[in-house]
$ cat upload02.cif   # mmCIF, C-alpha atoms
data_run
loop_
_atom_site.group_PDB
_atom_site.id
_atom_site.type_symbol
_atom_site.label_atom_id
_atom_site.label_comp_id
_atom_site.auth_asym_id
_atom_site.auth_seq_id
_atom_site.Cartn_x
_atom_site.Cartn_y
_atom_site.Cartn_z
ATOM 1 C CA MET A 17 0.000 0.000 0.000
ATOM 2 C CA PRO A 18 1.584 3.366 -0.948
ATOM 3 C CA SER A 19 2.327 5.550 2.031
ATOM 4 C CA GLU A 20 0.203 8.664 2.446
ATOM 5 C CA ARG A 21 0.409 9.336 6.157
ATOM 6 C CA TRP A 22 1.833 7.181 8.891
ATOM 7 C CA TYR A 23 0.320 7.511 12.350
ATOM 8 C CA VAL A 24 3.263 6.684 14.593
ATOM 9 C CA PRO A 25 4.127 9.072 17.403
ATOM 10 C CA SER A 26 7.746 10.185 16.991
ATOM 11 C CA SER A 27 8.697 9.288 20.571
ATOM 12 C CA GLU A 28 7.203 5.812 20.138
ATOM 13 C CA GLU A 29 8.489 5.182 16.622
ATOM 14 C CA GLU A 30 11.019 2.536 17.622
ATOM 15 C CA ARG A 31 8.581 0.683 19.885
ATOM 16 C CA ALA A 32 5.337 0.858 17.896
ATOM 17 C CA MET A 33 4.066 -2.634 17.113
ATOM 18 C CA LEU A 34 1.184 -1.456 14.965
ATOM 19 C CA LYS A 35 1.805 0.532 11.803
ATOM 20 C CA VAL A 36 -1.235 2.519 10.693
ATOM 21 C CA GLN A 37 -1.654 4.474 7.457
ATOM 22 C CA PHE A 38 -4.353 5.700 5.127
ATOM 23 C CA ASP A 39 -4.083 5.072 1.397
ATOM 24 C CA GLY A 40 -6.886 7.289 0.166
ATOM 25 C CA ASP A 41 -10.046 5.898 1.747
ATOM 26 C CA VAL A 42 -8.525 2.613 2.972
ATOM 27 C CA LEU A 43 -6.926 2.311 6.386
ATOM 28 C CA GLY A 44 -3.934 -0.027 6.356
ATOM 29 C CA VAL A 45 -3.025 -1.711 9.644
ATOM 30 C CA ARG A 46 0.152 -3.782 10.019
ATOM 31 C CA PRO A 47 0.842 -5.455 13.366
ATOM 32 C CA GLU A 48 4.573 -6.110 13.757
ATOM 33 C CA GLY A 49 4.493 -7.497 17.274
ATOM 34 C CA PRO A 50 2.115 -7.819 20.212
ATOM 35 C CA ILE A 51 -0.355 -4.922 20.084
ATOM 36 C CA THR A 52 -0.013 -2.449 22.962
ATOM 37 C CA ARG A 53 -2.377 0.090 24.485
ATOM 38 C CA GLU A 54 -0.316 2.814 22.789
ATOM 39 C CA ASP A 55 -0.821 1.083 19.436
ATOM 40 C CA VAL A 56 -4.594 1.081 19.921
ATOM 41 C CA ALA A 57 -4.457 4.781 20.865
ATOM 42 C CA THR A 58 -2.587 5.473 17.599
ATOM 43 C CA LEU A 59 -5.175 3.472 15.624
ATOM 44 C CA THR A 60 -8.022 5.331 17.334
ATOM 45 C CA ARG A 61 -6.461 8.724 16.622
ATOM 46 C CA ALA A 62 -5.936 7.864 12.936
ATOM 47 C CA ALA A 63 -9.523 6.667 12.511
ATOM 48 C CA ASP A 64 -10.993 9.619 14.396
ATOM 49 C CA GLU A 65 -8.965 12.161 12.401
ATOM 50 C CA TYR A 66 -10.188 10.621 9.138
ATOM 51 C CA LEU A 67 -13.784 10.319 10.301
ATOM 52 C CA ALA A 68 -13.842 13.969 11.361
ATOM 53 C CA GLY A 69 -14.009 14.806 7.639
ATOM 54 C CA HIS A 70 -15.612 11.685 6.144
ATOM 55 C CA PRO A 71 -18.839 9.778 6.892
ATOM 56 C CA LYS A 72 -17.184 6.325 6.665
ATOM 57 C CA ILE A 73 -13.909 4.504 6.195
ATOM 58 C CA THR A 74 -14.332 2.592 2.922
ATOM 59 C CA GLY A 75 -12.104 -0.242 4.024
ATOM 60 C CA VAL A 76 -9.683 -1.441 6.649
ATOM 61 C CA MET A 77 -6.950 -3.817 5.530
ATOM 62 C CA VAL A 78 -5.137 -5.690 8.293
ATOM 63 C CA GLU A 79 -1.949 -7.295 6.965
ATOM 64 C CA THR A 80 0.143 -9.697 9.013
ATOM 65 C CA ARG A 81 1.664 -13.048 8.151
ATOM 66 C CA THR A 82 0.703 -14.382 11.611
ATOM 67 C CA PHE A 83 -1.355 -12.740 14.349
ATOM 68 C CA PRO A 84 1.001 -11.405 17.059
ATOM 69 C CA GLY A 85 -1.591 -11.113 19.825
ATOM 70 C CA PHE A 86 -1.941 -8.408 22.444
ATOM 71 C CA ALA A 87 0.722 -7.233 24.878
ATOM 72 C CA SER A 88 -1.754 -7.068 27.766
ATOM 73 C CA VAL A 89 -5.361 -7.538 28.778
ATOM 74 C CA GLY A 90 -5.636 -3.735 28.798
ATOM 75 C CA ALA A 91 -4.537 -3.591 25.158
ATOM 76 C CA PHE A 92 -7.189 -6.156 24.225
ATOM 77 C CA ALA A 93 -9.845 -4.207 26.172
ATOM 78 C CA ASP A 94 -8.833 -0.973 24.411
ATOM 79 C CA TYR A 95 -9.056 -2.755 21.039
ATOM 80 C CA ALA A 96 -12.515 -4.138 21.885
ATOM 81 C CA ARG A 97 -13.599 -0.593 22.796
ATOM 82 C CA PHE A 98 -12.192 0.682 19.481
ATOM 83 C CA ILE A 99 -14.239 -1.933 17.560
ATOM 84 C CA ALA A 100 -17.399 -1.110 19.505
ATOM 85 C CA ASP A 101 -16.965 2.619 18.884
ATOM 86 C CA HIS A 102 -16.003 2.455 15.190
ATOM 87 C CA HIS A 103 -17.503 -0.627 13.504
ATOM 88 C CA ALA A 104 -20.617 1.183 12.262
ATOM 89 C CA ARG A 105 -18.444 3.610 10.276
ATOM 90 C CA VAL A 106 -16.350 0.981 8.479
ATOM 91 C CA ARG A 107 -17.753 -0.362 5.205
ATOM 92 C CA ARG A 108 -15.526 -3.424 4.770
ATOM 93 C CA LEU A 109 -12.636 -5.186 6.480
ATOM 94 C CA ALA A 110 -10.033 -7.389 4.797
ATOM 95 C CA LEU A 111 -7.832 -9.636 6.907
ATOM 96 C CA VAL A 112 -4.725 -10.505 4.909
ATOM 97 C CA THR A 113 -2.934 -13.238 6.813
ATOM 98 C CA ASP A 114 -1.882 -16.853 6.865
ATOM 99 C CA SER A 115 -2.895 -17.131 10.535
ATOM 100 C CA ALA A 116 -5.011 -20.115 11.537
ATOM 101 C CA LEU A 117 -7.151 -17.673 13.565
ATOM 102 C CA ALA A 118 -8.429 -15.885 10.430
ATOM 103 C CA PRO A 119 -11.614 -17.993 9.980
ATOM 104 C CA ILE A 120 -12.621 -17.270 13.585
ATOM 105 C CA ALA A 121 -12.023 -13.534 13.126
ATOM 106 C CA GLU A 122 -13.989 -13.598 9.869
ATOM 107 C CA PHE A 123 -16.945 -15.319 11.529
ATOM 108 C CA MET A 124 -16.903 -12.884 14.474
ATOM 109 C CA ALA A 125 -16.733 -9.814 12.213
ATOM 110 C CA ASN A 126 -19.503 -10.962 9.880
ATOM 111 C CA HIS A 127 -21.915 -12.477 12.393
ATOM 112 C CA VAL A 128 -21.233 -10.843 15.757
ATOM 113 C CA VAL A 129 -19.851 -7.377 15.026
ATOM 114 C CA GLY A 130 -21.740 -6.850 11.772
ATOM 115 C CA VAL A 131 -18.878 -5.706 9.536
ATOM 116 C CA ALA A 132 -18.456 -7.211 6.061
ATOM 117 C CA MET A 133 -15.123 -9.017 6.292
ATOM 118 C CA ARG A 134 -13.171 -11.313 4.005
ATOM 119 C CA HIS A 135 -10.037 -13.278 4.681
ATOM 120 C CA TYR A 136 -7.250 -13.355 2.090
ATOM 121 C CA PRO A 137 -3.974 -15.301 2.205
ATOM 122 C CA PHE A 138 -0.992 -13.075 3.031
ATOM 123 C CA ALA A 139 0.255 -13.159 -0.573
ATOM 124 C CA GLU A 140 -3.067 -11.752 -1.901
ATOM 125 C CA GLY A 141 -2.993 -8.196 -0.560
ATOM 126 C CA ALA A 142 -3.730 -6.713 -3.997
ATOM 127 C CA ALA A 143 -6.937 -8.755 -4.287
ATOM 128 C CA ALA A 144 -7.977 -7.663 -0.798
ATOM 129 C CA LEU A 145 -7.410 -4.005 -1.652
ATOM 130 C CA ALA A 146 -9.424 -4.392 -4.870
ATOM 131 C CA TRP A 147 -12.338 -5.911 -2.930
ATOM 132 C CA LEU A 148 -12.239 -3.119 -0.338
ATOM 133 C CA ARG A 149 -12.493 -0.504 -3.085
ATOM 134 C CA SER A 150 -15.083 -2.310 -5.238
ATOM 135 C CA PRO A 151 -18.651 -0.954 -5.347
#
$ encode --input "upload02.cif" --output "structure tokens"
Amino acid sequence: MPSERWYVPSSEEERAMLKVQFDGDVLGVRPEGPITREDVATLTRAADEYLAGHPKITGVMVETRTFPGFASVGAFADYARFIADHHARVRRLALVTDSALAPIAEFMANHVVGVAMRHYPFAEGAAALAWLRSP
């Protein structure tokens, strides 16, 4: 995904485990290690800044070869709060990963949270991006 704007606080740049960027109307999320509370705060700020000027986020693309998990229970709770607060303003979600947990996440997103989500193998990021942007 071409870089438009990275949301990584300068003081946290070396430690950030979650890279967040918008490519037009698609939010790219790349976990690079266990997700921290600070990572979720960065994700929340990026989404809120975008949504301040737009009615919805067209798509969110989460790319990670394997799911790294959460650094703490607090980080997971913050992430759950982020989902609860933002899911209604996200049109589609693509999970691009080879993780064995992907089918569970896809089921939860589609049937519990109510977000249209598709799983793509890690090598198929271009197909995921095309689906996110399709009508």
$ resolve_selection --input "upload02.cif" --expression "the PyMOL selection byres ((chain A and resi 142-149) around 12)" --output "PDB file with C-alpha atoms, keeping the file's coordinate frame"
ATOM      1  CA  MET A  17       0.000   0.000   0.000  1.00  0.00           C
ATOM      2  CA  PRO A  18       1.584   3.366  -0.948  1.00  0.00           C
ATOM      3  CA  ASP A  39      -4.083   5.072   1.397  1.00  0.00           C
ATOM      4  CA  GLY A  40      -6.886   7.289   0.166  1.00  0.00           C
ATOM      5  CA  ASP A  41     -10.046   5.898   1.747  1.00  0.00           C
ATOM      6  CA  VAL A  42      -8.525   2.613   2.972  1.00  0.00           C
ATOM      7  CA  LEU A  43      -6.926   2.311   6.386  1.00  0.00           C
ATOM      8  CA  GLY A  44      -3.934  -0.027   6.356  1.00  0.00           C
ATOM      9  CA  ILE A  73     -13.909   4.504   6.195  1.00  0.00           C
ATOM     10  CA  THR A  74     -14.332   2.592   2.922  1.00  0.00           C
ATOM     11  CA  GLY A  75     -12.104  -0.242   4.024  1.00  0.00           C
ATOM     12  CA  VAL A  76      -9.683  -1.441   6.649  1.00  0.00           C
ATOM     13  CA  MET A  77      -6.950  -3.817   5.530  1.00  0.00           C
ATOM     14  CA  VAL A  78      -5.137  -5.690   8.293  1.00  0.00           C
ATOM     15  CA  GLU A  79      -1.949  -7.295   6.965  1.00  0.00           C
ATOM     16  CA  VAL A 106     -16.350   0.981   8.479  1.00  0.00           C
ATOM     17  CA  ARG A 107     -17.753  -0.362   5.205  1.00  0.00           C
ATOM     18  CA  ARG A 108     -15.526  -3.424   4.770  1.00  0.00           C
ATOM     19  CA  LEU A 109     -12.636  -5.186   6.480  1.00  0.00           C
ATOM     20  CA  ALA A 110     -10.033  -7.389   4.797  1.00  0.00           C
ATOM     21  CA  LEU A 111      -7.832  -9.636   6.907  1.00  0.00           C
ATOM     22  CA  VAL A 112      -4.725 -10.505   4.909  1.00  0.00           C
ATOM     23  CA  THR A 113      -2.934 -13.238   6.813  1.00  0.00           C
ATOM     24  CA  ALA A 132     -18.456  -7.211   6.061  1.00  0.00           C
ATOM     25  CA  MET A 133     -15.123  -9.017   6.292  1.00  0.00           C
ATOM     26  CA  ARG A 134     -13.171 -11.313   4.005  1.00  0.00           C
ATOM     27  CA  HIS A 135     -10.037 -13.278   4.681  1.00  0.00           C
ATOM     28  CA  TYR A 136      -7.250 -13.355   2.090  1.00  0.00           C
ATOM     29  CA  PRO A 137      -3.974 -15.301   2.205  1.00  0.00           C
ATOM     30  CA  PHE A 138      -0.992 -13.075   3.031  1.00  0.00           C
ATOM     31  CA  ALA A 139       0.255 -13.159  -0.573  1.00  0.00           C
ATOM     32  CA  GLU A 140      -3.067 -11.752  -1.901  1.00  0.00           C
ATOM     33  CA  GLY A 141      -2.993  -8.196  -0.560  1.00  0.00           C
ATOM     34  CA  SER A 150     -15.083  -2.310  -5.238  1.00  0.00           C
ATOM     35  CA  PRO A 151     -18.651  -0.954  -5.347  1.00  0.00           C
TER      36      PRO A 151
END
$ closest_residue --input "upload02.cif" --among "A:Thr52, A:Pro47, A:His102, A:Ala96" --to "A:Lys72" --atoms "all atoms listed in the file"
A:His102
$ closest_residue --input "upload02.cif" --among "A:Phe86, A:Phe92, A:Phe98, A:Phe123" --to "A:Ala62" --atoms "only C-alpha atoms"
A:Phe98
$ atom_distance --input "upload02.cif" --atom1 "atom CA of A:Val89" --atom2 "atom CA of A:Arg53"
9.2 Å
$ closest_residue --input "upload02.cif" --among "A:Val128, A:Ala121, A:Pro50, A:Asp64" --to "A:Gly85" --atoms "only C-alpha atoms"
A:Pro50
$ axis_aligned_box --input "upload02.cif" --around "stretch 99-112 of chain A" --padding-each-side "5 Å" --output "JSON"
{"center_x": -12.7, "center_y": -3.4, "center_z": 12.1, "size_x": 25.9, "size_y": 24.1, "size_z": 24.7}
$ atom_distance --input "upload02.cif" --atom1 "atom CA of A:Gly69" --atom2 "atom CA of A:Ala104"
15.8 Å
$ atom_distance --input "upload02.cif" --atom1 "atom CA of A:Ala91" --atom2 "atom CA of A:Gly49"
12.6 Å
$ decode --input "upload02.cif" --residues "stretch 67-111 of chain A" --atoms "N, CA and C atoms" --output "mmCIF file, in the first residue's frame"
data_model
loop_
_atom_site.group_PDB
_atom_site.id
_atom_site.type_symbol
_atom_site.label_atom_id
_atom_site.label_comp_id
_atom_site.auth_asym_id
_atom_site.auth_seq_id
_atom_site.Cartn_x
_atom_site.Cartn_y
_atom_site.Cartn_z
ATOM 1 N N LEU A 67 -12.330 10.255 10.198
ATOM 2 C CA LEU A 67 -13.784 10.319 10.301
ATOM 3 C C LEU A 67 -14.298 11.720 10.636
ATOM 4 N N ALA A 68 -13.439 12.583 11.106
ATOM 5 C CA ALA A 68 -13.842 13.969 11.361
ATOM 6 C C ALA A 68 -14.244 14.667 10.056
ATOM 7 N N GLY A 69 -13.700 14.192 8.926
ATOM 8 C CA GLY A 69 -14.009 14.806 7.639
ATOM 9 C C GLY A 69 -14.691 13.895 6.643
ATOM 10 N N HIS A 70 -15.003 12.660 7.048
ATOM 11 C CA HIS A 70 -15.612 11.685 6.144
ATOM 12 C C HIS A 70 -16.698 10.908 6.902
ATOM 13 N N PRO A 71 -17.773 10.516 6.209
ATOM 14 C CA PRO A 71 -18.839 9.778 6.892
ATOM 15 C C PRO A 71 -18.445 8.339 7.252
ATOM 16 N N LYS A 72 -17.578 7.725 6.440
ATOM 17 C CA LYS A 72 -17.184 6.325 6.665
ATOM 18 C C LYS A 72 -15.752 6.093 6.209
ATOM 19 N N ILE A 73 -15.168 5.027 6.723
ATOM 20 C CA ILE A 73 -13.909 4.504 6.195
ATOM 21 C C ILE A 73 -14.317 3.412 5.212
ATOM 22 N N THR A 74 -13.934 3.560 3.948
ATOM 23 C CA THR A 74 -14.332 2.592 2.922
ATOM 24 C C THR A 74 -13.858 1.189 3.267
ATOM 25 N N GLY A 75 -12.628 1.077 3.700
ATOM 26 C CA GLY A 75 -12.104 -0.242 4.024
ATOM 27 C C GLY A 75 -10.967 -0.172 5.011
ATOM 28 N N VAL A 76 -10.819 -1.254 5.759
ATOM 29 C CA VAL A 76 -9.683 -1.441 6.649
ATOM 30 C C VAL A 76 -9.005 -2.726 6.203
ATOM 31 N N MET A 77 -7.707 -2.643 5.941
ATOM 32 C CA MET A 77 -6.950 -3.817 5.530
ATOM 33 C C MET A 77 -5.903 -4.115 6.599
ATOM 34 N N VAL A 78 -6.083 -5.237 7.275
ATOM 35 C CA VAL A 78 -5.137 -5.690 8.293
ATOM 36 C C VAL A 78 -4.229 -6.714 7.630
ATOM 37 N N GLU A 79 -2.928 -6.413 7.607
ATOM 38 C CA GLU A 79 -1.949 -7.295 6.965
ATOM 39 C C GLU A 79 -0.932 -7.789 7.975
ATOM 40 N N THR A 80 -0.862 -9.094 8.146
ATOM 41 C CA THR A 80 0.143 -9.697 9.013
ATOM 42 C C THR A 80 0.265 -11.173 8.649
ATOM 43 N N ARG A 81 1.482 -11.633 8.514
ATOM 44 C CA ARG A 81 1.664 -13.048 8.151
ATOM 45 C C ARG A 81 1.035 -13.943 9.218
ATOM 46 N N THR A 82 1.303 -13.651 10.494
ATOM 47 C CA THR A 82 0.703 -14.382 11.611
ATOM 48 C C THR A 82 0.223 -13.353 12.630
ATOM 49 N N PHE A 83 -0.817 -13.689 13.375
ATOM 50 C CA PHE A 83 -1.355 -12.740 14.349
ATOM 51 C C PHE A 83 -0.453 -12.700 15.576
ATOM 52 N N PRO A 84 0.050 -11.503 15.952
ATOM 53 C CA PRO A 84 1.001 -11.405 17.059
ATOM 54 C C PRO A 84 0.371 -11.346 18.445
ATOM 55 N N GLY A 85 -0.936 -11.184 18.525
ATOM 56 C CA GLY A 85 -1.591 -11.113 19.825
ATOM 57 C C GLY A 85 -1.528 -9.727 20.445
ATOM 58 N N PHE A 86 -1.912 -9.661 21.700
ATOM 59 C CA PHE A 86 -1.941 -8.408 22.444
ATOM 60 C C PHE A 86 -0.911 -8.460 23.561
ATOM 61 N N ALA A 87 -0.318 -7.309 23.859
ATOM 62 C CA ALA A 87 0.722 -7.233 24.878
ATOM 63 C C ALA A 87 0.152 -7.347 26.285
ATOM 64 N N SER A 88 -1.144 -7.025 26.437
ATOM 65 C CA SER A 88 -1.754 -7.068 27.766
ATOM 66 C C SER A 88 -3.271 -7.182 27.629
ATOM 67 N N VAL A 89 -3.904 -7.503 28.743
ATOM 68 C CA VAL A 89 -5.361 -7.538 28.778
ATOM 69 C C VAL A 89 -5.903 -6.131 28.518
ATOM 70 N N GLY A 90 -5.225 -5.119 29.024
ATOM 71 C CA GLY A 90 -5.636 -3.735 28.798
ATOM 72 C C GLY A 90 -5.622 -3.374 27.328
ATOM 73 N N ALA A 91 -4.615 -3.855 26.596
ATOM 74 C CA ALA A 91 -4.537 -3.591 25.158
ATOM 75 C C ALA A 91 -5.705 -4.253 24.437
ATOM 76 N N PHE A 92 -6.040 -5.480 24.830
ATOM 77 C CA PHE A 92 -7.189 -6.156 24.225
ATOM 78 C C PHE A 92 -8.485 -5.409 24.541
ATOM 79 N N ALA A 93 -8.643 -4.949 25.780
ATOM 80 C CA ALA A 93 -9.845 -4.207 26.172
ATOM 81 C C ALA A 93 -9.950 -2.901 25.380
ATOM 82 N N ASP A 94 -8.829 -2.208 25.199
ATOM 83 C CA ASP A 94 -8.833 -0.973 24.411
ATOM 84 C C ASP A 94 -9.230 -1.264 22.962
ATOM 85 N N TYR A 95 -8.726 -2.376 22.416
ATOM 86 C CA TYR A 95 -9.056 -2.755 21.039
ATOM 87 C C TYR A 95 -10.547 -3.079 20.913
ATOM 88 N N ALA A 96 -11.086 -3.810 21.894
ATOM 89 C CA ALA A 96 -12.515 -4.138 21.885
ATOM 90 C C ALA A 96 -13.348 -2.852 21.935
ATOM 91 N N ARG A 97 -12.904 -1.881 22.718
ATOM 92 C CA ARG A 97 -13.599 -0.593 22.796
ATOM 93 C C ARG A 97 -13.517 0.133 21.459
ATOM 94 N N PHE A 98 -12.352 0.063 20.804
ATOM 95 C CA PHE A 98 -12.192 0.682 19.481
ATOM 96 C C PHE A 98 -13.194 0.075 18.493
ATOM 97 N N ILE A 99 -13.306 -1.247 18.463
ATOM 98 C CA ILE A 99 -14.239 -1.933 17.560
ATOM 99 C C ILE A 99 -15.672 -1.499 17.864
ATOM 100 N N ALA A 100 -16.037 -1.489 19.129
ATOM 101 C CA ALA A 100 -17.399 -1.110 19.505
ATOM 102 C C ALA A 100 -17.717 0.322 19.077
ATOM 103 N N ASP A 101 -16.746 1.209 19.200
ATOM 104 C CA ASP A 101 -16.965 2.619 18.884
ATOM 105 C C ASP A 101 -16.927 2.935 17.394
ATOM 106 N N HIS A 102 -16.249 2.097 16.587
ATOM 107 C CA HIS A 102 -16.003 2.455 15.190
ATOM 108 C C HIS A 102 -16.614 1.527 14.141
ATOM 109 N N HIS A 103 -17.084 0.351 14.512
ATOM 110 C CA HIS A 103 -17.503 -0.627 13.504
ATOM 111 C C HIS A 103 -18.615 -0.118 12.585
ATOM 112 N N ALA A 104 -19.501 0.710 13.078
ATOM 113 C CA ALA A 104 -20.617 1.183 12.262
ATOM 114 C C ALA A 104 -20.163 2.138 11.161
ATOM 115 N N ARG A 105 -18.935 2.650 11.268
ATOM 116 C CA ARG A 105 -18.444 3.610 10.276
ATOM 117 C C ARG A 105 -17.361 3.017 9.376
ATOM 118 N N VAL A 106 -17.274 1.688 9.370
ATOM 119 C CA VAL A 106 -16.350 0.981 8.479
ATOM 120 C C VAL A 106 -17.180 0.150 7.514
ATOM 121 N N ARG A 107 -16.970 0.352 6.215
ATOM 122 C CA ARG A 107 -17.753 -0.362 5.205
ATOM 123 C C ARG A 107 -17.333 -1.816 5.084
ATOM 124 N N ARG A 108 -16.031 -2.057 4.952
ATOM 125 C CA ARG A 108 -15.526 -3.424 4.770
ATOM 126 C C ARG A 108 -14.185 -3.587 5.485
ATOM 127 N N LEU A 109 -13.887 -4.832 5.819
ATOM 128 C CA LEU A 109 -12.636 -5.186 6.480
ATOM 129 C C LEU A 109 -12.030 -6.377 5.758
ATOM 130 N N ALA A 110 -10.761 -6.263 5.405
ATOM 131 C CA ALA A 110 -10.033 -7.389 4.797
ATOM 132 C C ALA A 110 -8.924 -7.805 5.749
ATOM 133 N N LEU A 111 -8.883 -9.078 6.069
ATOM 134 C CA LEU A 111 -7.832 -9.636 6.907
ATOM 135 C C LEU A 111 -6.903 -10.423 5.994
#
